[in-house]
Amino acid sequence: MKVSLNVIKKFTDINIEVDELVSKINAQLGGVDEVIDLEARYKDALIVKVAECDKHSNADKLSVCRVDDGGVVKDIPRDEHNLIQVVCGAPNVKKGMWAVWLPPHSTVPASFTDREPFVLAARELRGVLSQGMLASSEELGLASDSIGIFEITNSDIQTDKVIQAGASFAKLFDLDDVVIDIENKMFTHRPDLFGQLGVAREIAGILHQPFRSPAEYLTPSEFDSVSEELEIETFNDVPDLAPRFLTLVVKNIEVKSSPLWLQIELIRLGMKPISNVVDVTNFVMLHTAQPTHAYDYDKLNGKRLGVRMARDGEEIKLLNKKCYKLTAEDVVIADAVGPVGLAGIMGGLDSEVSSATKNIVLEVANFDMYSVRRSSMRHGVFTDALTRFNKGQSPLQNNTVMSKLLSLIQSIVGGAQAGGLKDQSAALETLAGIKVDSHFINQRLGLKLTDDDIKRLLKNVELQVDDNLIVTPPFWRTDLRLPEDIVEEVGRLHGFDKLQNELPRRQISPAPKNKKRQLEQWIRSSLSGMGANEILSYSFVSEKTLVSAGQNPEDSYKISNAISPELQCYRLSVTPSILEKIHENIKAGYPEIALYEIGKAHTITANLVDGVPPEQLRVGFIYAAQKVQKGAPYYYAKRYLDQLMNELGIHVRYVPLPETNLAIAQPFYPSRRARVIEVNTGYTVAIVGEFDDSVSRNFKLPDYAAGFELLTEGIQKSINPSSQYRPLSRYPSTSRDLTIRIDERISLQQIVETMAQVSINETQVTIKPTGIYQPVGETEKNVTFNIGIFSRLGTLTSEDASAVIERLVNSITDKFKAEII
Amino acid sequence: MTYREDIAKIRDELFAQIASQDDPGAVLRSDRLKGLFLSIKDQPSQDRASYGQLVNELKIELEEAILDRKNHTERRDPIDLTSPFDVNAPLPDLLGVEVGSQHPISQEILYMSDILQRMGFRVYDSREIDDQYHMFDTLNFPKGHPARDDYDTFQVSEQDESGMNFVAPAHTSTMQNRILTELRPLLEKDQPIAATSIDRVFRNEDVDARHEHTFYQHEGIYVSKGIHAGMLVATLQTFLEGYFEKTIEVRINPFYFPFTEPSFEFNMSCPFCEKSGCNVCSQSGWIELLGCGMIHPNVLKMAEIDPEIYTGFAWGGGVDRMIMMKHGIEDVRHFHSGKLNFLRQF
């Protein structure tokens with residue numbers, strides 16, 4: 001939002017330096033993006049009269065001019081009539097015209113902000129000395145499509161100005177100005193700040209000065225009740241989406257370029273001049289924030305104009321010359337035949353005001369902010385009008401804007417009213433008073449303002465405040481509804497930099513810990529301590545990823561407006577996301593890796609909890625190596641898992657899982673995957689396994705890979721940090737190695753569990769497998785254990801130890817036909 | 001022997017190798033096959049084209065056979081799933097602790113949570129799917145507000161019990177009503193509600209070096225009697241000074257959010273250049289850090305907290321940006337790339 005300081009100054013006094021003003025705007029109004037110093041840019045440009053103009057004797061296209069600068073510029077060669085010689089190449093240069101002269105040593109305004117600005121000098125053109133140059137619009141940085149030099153006539157300036165030789169160009173066109181560009185996002189809820197008038201009022205407010213809007217804005221002038229010379233029938237089918245629709249017909253106008261002063265007004269605030277009619281509608285918008293539009297009356301079919309919903313498939317060509325296919329959700333302005341404008345966004349090409357236009361219909365309307373935003377997003381059309389409408393303009397200011405628009409059209413374009421004002425409006429609300437008190441306000445701001453302070457701050461910006469502190473918003477402040485809104489208003493106008501910053505006081509009771517986060521961190525420390533790398537990947541995967549991992553996409557929640565098919569499905573487990581990261585890392589030069597991710601899984605097969613899908617925290621882990629290692633890769637994943645469980649103090653057993661529908665188990669090879677169960681609670685805490693052939697292929701895994709996925713709910717419920725400890729024995733322990741031969745089908749877990757069930761009074765036994773040997777082709781294996789034995793009663797003798805070993809061995813020889821070797 | 005017979009013989013040999021070898025893919029790299037390709041140029045010119053065609057067809061056949069073998073014939077022997085190691089194999093080695101790493105975002109979340117926890121804030125998780133009631137209704141978003149539509153928020157196809165589509169939350173404020181409701185009993189005991197949720201959020205946005213659709217937010221809420229805007233500023237300043245372990249200047253600008261009134265944009269003096277101007281603060285000496293404000297009375301009412309008696313503040317800020325500033329990370333896409341050359345630096 002560009003704001004002209006000269007315009008602001010017409011409404012309110014500013015007695016501080018620009019820098020100070022900018023920092024106040026930053027602190028109390030909105031972030032300033034840019035400060036553009038136009039005064040510096042145009043300081044050397046002078047108005048001159050071309051007194052003489054002759055053809056250059058040596059060049060067809062050049063003219064040698066003598067210009068009158070009123071003697072303003074010092075130290076420059078002049079002829080006997082005090083004129084200065086300037087060579088000009090423009091076709092429109094002629095004797096007697098008023099032009100803009102850039103003297104030697106001045107900077108060409110268009111290049112002012114360039115890295116290397118172009119500074120003029122006196123130089124010879126085909127043997128004739130030229131003192132600086134006569135400027136074109138382009139060189140003045142005003143337009144890019146100009147032909148010839150900038151010519152000024154009496155109709156181009158405002159009535160209070162005079163063209164004079166040697167006058168400052170900047171002063172003549174109010175370009176002795178500073179334009180401040182404020183971020184739009186700060187004004188989301190302040191439609192009034194999209195006009196110069198609103199910003200001026202707000203600046204007065206933050207400078208603690210009373211502001212008074214022009215009388216014509218506060219009370220609209222009455223419209224002439226002229227008889228309807230040019231008929232128009234108006235309608236409004238959707239008053240809830242178009243609360244207000246005002247129209248007025250003006251006849252006998254002449255469309256041409258705007259006077260230069262108006263063009264320059266628009267240009268400095270970032271708009272492009274088009275024609276006098278369009279420029280006036282835009283000028284009114286820049287001042288009041290209310291977008292307005294003009295239609296060519298004679299191009300409207302059936303002499304009807306109104307608001308309705310578009311019909312599905314209806315088409316319109318807008319002023320940008322592009323064709324749009326509308327939907328039944330678009331609000332349009334239509335004539336008797338079809339749409340003539342996309343409401344609140346852009347007018348239609350077919351009813352465009354052109355140089356042939358004689359009569360126009362002026363429109364000042366109000367539209368639902370969300371509806372116009374959706375239309376604009378749907379069709380990808382963004383305009384200055386939309387920027388204003390989608391902040392929710394007040395419908396209450398439309399009549400004053402219409403009266404301003406009409407008077408400007410008549411003074412700049414000409415013409416006369418050809419009918420009365422037509423008003424197609426819904427019932428308009430009146431803004432209710434808001435009761436506040438100083439205690440309420442001070443308590444929320446931590447300030448000590450008096451009733452008078454509050455009244456003064458609010459009255460400065462034209463809010464009505466009575467003695468009981470009932471605040472009545474003016475018609476442009478539809479955003480003020482609640483006492484808290486008044487708190488904001490008072491705080492901002494007083495200055496948020498004046499708040500008393502103090503910490504809240506509270507009791508010293510400790511904040512309880514988040515147990516889930518604590519578990520996550522234990523897992524992280526453990527796995528990373530083992531050399532694994534934590535990754536984070538998206539919560540969403542493609543259907544293809546799910547299928548590639550053997551999972552059923554039908555079980556997953558779906559994103560309906562996904563940016564790409566890669567991000568369409570909520571994950572059913574974390575493992576597939578990690579699978580996607582293995583190949584590229586190995587390719588990138590990491591031949592042996594362990595990756596893990598802590599993330600959430602969702603499935604539509606689970607019932608909602610408290611109305612929302614349950615979220616399961618999972619930890620996926622994959623070990624992968626390019627080089628095939630000794631033994632099955634399964635044991636690598638299991639090694640990490642065993643170590644992690646050990647560090648968490650969780651006792652688990654492994655149960656083969658050849659068949660299952662569990663989504664989490666699908667990526668794993670059926671005969672090489674196990675369910676991991678906590679022994680005391682029976683919760684499943686993980687699935688571990690090697691990857692299925694198809695999974696390995698789909699994700700281009702190396703030949704040697706395995707992984708696991710933790711179900712943290714089970715772990716959380718099983719964690720019991722105090723259950724680990726055994727009192728120390730005062731007596732030394734002893735250890736023995738034991739090797740047994742046993743059927744290959746008997747699992748190590750069965751053997752250990754069987755031995756562990758043997759109870760021996762006051763003697764404790766630890767059983768640690770140290771090796772399994774099985775010659776190729778044999779159906780029996782040799783398993784070696786290291787058995788640790790210690791007693792609390794006394795030092796164990798060799799016989800005691802042997803007796804313990806014997807009882808252990810007996811337990812398995814009986815049950816599994818094992819033999820000791 | 002014709003060249004056709006030669007090729008047929010080699011074909012049989014190679015097929016036998018695919019069936020028998022541990023690494024059937026080695027056939028494609030074998031000298032036998034390479035020799036066939038090299039011999040194309042030695043063929044008499046009239047045979048050369050058809051000879052070359054045969055060799056190429058053979059290669060395609062071999063590739064299919066290798067894939068077929070991998071798909072169907074690779075059966076893995078039974079293993080003891082309960083053992084810590086395989087038969088005839090040692091206990092697998094773990095990778096060294098020196099290559100392990102925790103994700104920078106996890107580290108950052110832990111670091112921030114720790115400071116806030118010490119300041120008395122309870123740490124909450126956010127959600128990855130939520131209903132519109134928590135995401136919008138309880139946060140004073142009017143019906144039709146742009147945040148509710150497709151262009152900003154990821155919509156979930158499935159619906160809640162009231163027939164509204166679930167959403168992927170665009171801010172951790174989606175937890176605000178749950179936290180306020182859960183901790184409301186504290187207010188009656190004259191204790192404040194002080195909580196933070198630091199977690200993953202989503203926004204429907206195209207990804208580039210500076211934008212991500214998946215990112216992380218830290219959010220704080222504090223409710224008690226007599227809480228005012230100056231306390232919000234002081235609390236955030238204290239948090240930031242704890243974070244950077246140095247004195248930080250702060251200032252607020254007016255802003256607008258539906259769920260706070262007044263709302264502010266919160267700025268801190270640049271901790272990297274002490275306000276003298278650097279790349280992190282775009283030479284301005286100040287960094288626009290987060291959004292905050294006094295909790296809107298409607299938000300308190302939705303959690304059955306009386307806004308006449310209790311007031312509170314809330315803030316929400318980006319986690320990713322803090323890490324990027326701290327480490328000078330140039331591209332936000334690195335975070336979810338899973339690239340080890342990035343991750344192992346942390």
# chains A, B, ... in the order shown; residues from 1 in each chain; ligands from 1
call {"tool": "closest_atom_pairs", "arguments": {"of": "chain B", "to": "chain A", "cutoff": "6 Å", "atoms": "only C-alpha atoms", "output": "tab-separated table"}}
result
residue	atom	partner	partner_atom	distance
B:Asp80	CA	A:Ser747	CA	5.7
B:Thr82	CA	A:Tyr654	CA	5.4
B:Ser83	CA	A:Leu748	CA	5.5
B:Phe85	CA	A:Tyr635	CA	5.5
B:Asp86	CA	A:Gly631	CA	5.1
B:Val87	CA	A:Ile772	CA	4.9
B:Asn88	CA	A:Tyr773	CA	4.9
B:Ala89	CA	A:Gly631	CA	5.4
B:Pro92	CA	A:Tyr636	CA	5.7
B:Leu95	CA	A:Gly531	CA	4.8
B:Gly96	CA	A:Gly531	CA	4.9
B:Val97	CA	A:Gly531	CA	4.4
B:Val99	CA	A:Gly531	CA	5.0
B:Gly100	CA	A:Gly531	CA	3.6
B:Ser101	CA	A:Asn533	CA	4.7
B:Gln102	CA	A:Glu534	CA	5.0
B:His103	CA	A:Glu534	CA	5.3
B:Gly120	CA	A:Ala511	CA	5.1
B:Phe121	CA	A:Ala511	CA	5.9
B:Arg122	CA	A:Ala511	CA	5.3
B:Val123	CA	A:Asn514	CA	5.9
B:Gly144	CA	A:Tyr370	CA	5.8
B:Gln155	CA	A:Ser560	CA	5.6
B:Val156	CA	A:Ile559	CA	4.4
B:Ser157	CA	A:Ser560	CA	5.2
B:His228	CA	A:Arg444	CA	4.4
B:Ala229	CA	A:Leu445	CA	5.1
B:Gly230	CA	A:Asn501	CA	4.2
B:Met231	CA	A:Leu503	CA	5.1
B:Ala234	CA	A:Asn501	CA	5.0
B:Thr235	CA	A:Leu503	CA	5.8
B:Asn253	CA	A:Ala27	CA	5.0
B:Phe255	CA	A:Met186	CA	5.4
B:Pro262	CA	A:Glu488	CA	4.7
B:His336	CA	A:Ser537	CA	4.8
B:Gly338	CA	A:Ile535	CA	5.3
call {"tool": "select_by_dssp", "arguments": {"residues": "segment 111-259 of chain B", "states": "strand (DSSP E)", "output": "PyMOL selection string"}}
result
chain B and resi 122-124+154-159+165-168+193-202+214-225+250-257
call {"tool": "closest_residue", "arguments": {"among": "A:Phe211, A:Phe691, A:Trp101, A:Phe173", "to": "Lys10 of chain A", "atoms": "only C-alpha atoms"}}
result
A:Phe211
call {"tool": "residues_around", "arguments": {"residues": "segment 208-210 of chain A", "least_positions_apart": "3", "cutoff": "9 Å", "atoms": "only C-alpha atoms", "output": "ChimeraX atom specification"}}
result
/A:12-13,201,203-205,456-457,459-462,493-494
call {"tool": "residues_around", "arguments": {"residues": "Leu405 of chain A", "least_positions_apart": "3", "cutoff": "8 Å", "atoms": "only C-alpha atoms", "output": "VMD selection string"}}
result
chain A and resid 280 to 281 284 401 to 402 408 to 409
call {"tool": "residues_around", "arguments": {"residues": "segment 304-306 of chain A", "least_positions_apart": "3", "cutoff": "7 Å", "atoms": "only C-alpha atoms", "output": "MDAnalysis selection string"}}
result
chainID A and resid 232:236 300:301 333:336
call {"tool": "residues_around", "arguments": {"residues": "Ala314 of chain B", "least_positions_apart": "5", "cutoff": "6 Å", "atoms": "only C-alpha atoms", "output": "list of chain:residue names"}}
result
B:Gly220, B:Ile221, B:Cys292, B:Gly293
call {"tool": "atom_distance", "arguments": {"atom1": "atom CA of Val119 of chain A", "atom2": "atom CA of Val50 of chain A"}}
result
22.4 Å
call {"tool": "closest_residue", "arguments": {"among": "B:Leu139, B:Leu183, B:Phe346, B:Glu161", "to": "Tyr222 of chain B", "atoms": "only C-alpha atoms"}}
result
B:Leu183
call {"tool": "select_by_dssp", "arguments": {"residues": "segment 605-777 of chain A", "states": "alpha helix (DSSP H)", "output": "PyMOL selection string"}}
result
chain A and resi 634-648+693-698+712-718+748-756
call {"tool": "atom_distance", "arguments": {"atom1": "atom CA of Cys270 of chain B", "atom2": "atom CA of Glu288 of chain B"}}
result
9.5 Å
call {"tool": "atom_distance", "arguments": {"atom1": "atom CA of Phe136 of chain B", "atom2": "atom CA of Ser376 of chain A"}}
result
22.5 Å
call {"tool": "residues_around", "arguments": {"residues": "segment 195-202 of chain B", "least_positions_apart": "5", "cutoff": "6 Å", "atoms": "only C-alpha atoms", "output": "compact mmCIF listing (two decimals) with N, CA and C atoms, in the first residue's frame"}}
result
# COMPACT_ATOMS: atom_id res chain seq x y z
N PHE B 121 6.29 -23.90 31.65
CA PHE B 121 5.32 -24.27 30.63
C PHE B 121 5.28 -25.79 30.46
N ARG B 122 4.09 -26.35 30.41
CA ARG B 122 3.95 -27.76 30.09
C ARG B 122 4.10 -27.93 28.59
N VAL B 123 4.71 -29.00 28.17
CA VAL B 123 4.95 -29.23 26.74
C VAL B 123 3.91 -30.20 26.19
N TYR B 124 3.21 -29.77 25.13
CA TYR B 124 2.19 -30.61 24.50
C TYR B 124 2.58 -30.98 23.07
N ASP B 125 2.08 -32.13 22.64
CA ASP B 125 2.21 -32.49 21.22
C ASP B 125 1.06 -31.84 20.45
N SER B 126 1.25 -31.66 19.15
CA SER B 126 0.14 -31.24 18.31
C SER B 126 -0.37 -32.47 17.56
N PRO B 169 -3.52 -29.75 10.26
CA PRO B 169 -3.44 -28.44 10.92
C PRO B 169 -2.33 -27.54 10.35
N ALA B 170 -2.69 -26.26 10.15
CA ALA B 170 -1.73 -25.30 9.62
C ALA B 170 -1.03 -24.55 10.74
N HIS B 171 -1.48 -24.78 11.98
CA HIS B 171 -0.76 -24.19 13.12
C HIS B 171 -1.01 -25.04 14.36
N HIS B 213 5.86 -27.19 2.70
CA HIS B 213 4.47 -27.44 3.11
C HIS B 213 4.44 -28.12 4.48
N THR B 214 5.58 -28.66 4.92
CA THR B 214 5.66 -29.31 6.22
C THR B 214 6.71 -28.57 7.04
N PHE B 215 6.30 -28.00 8.16
CA PHE B 215 7.26 -27.25 8.96
C PHE B 215 6.87 -27.33 10.43
N TYR B 216 7.53 -26.59 11.27
CA TYR B 216 7.37 -26.78 12.72
C TYR B 216 7.12 -25.44 13.40
N GLN B 217 6.26 -25.48 14.43
CA GLN B 217 5.91 -24.24 15.13
C GLN B 217 6.07 -24.42 16.62
N HIS B 218 6.47 -23.33 17.28
CA HIS B 218 6.37 -23.33 18.73
C HIS B 218 5.28 -22.34 19.11
N GLU B 219 4.43 -22.79 20.00
CA GLU B 219 3.31 -21.95 20.38
C GLU B 219 3.22 -21.94 21.89
N GLY B 220 2.91 -20.81 22.45
CA GLY B 220 2.76 -20.75 23.91
C GLY B 220 1.44 -20.13 24.28
N ILE B 221 0.86 -20.57 25.38
CA ILE B 221 -0.32 -19.89 25.92
C ILE B 221 -0.14 -19.71 27.42
call {"tool": "closest_residue", "arguments": {"among": "B:Thr138, B:Ser269, B:Asn298, B:Gln159", "to": "Trp286 of chain B", "atoms": "only C-alpha atoms"}}
result
B:Ser269
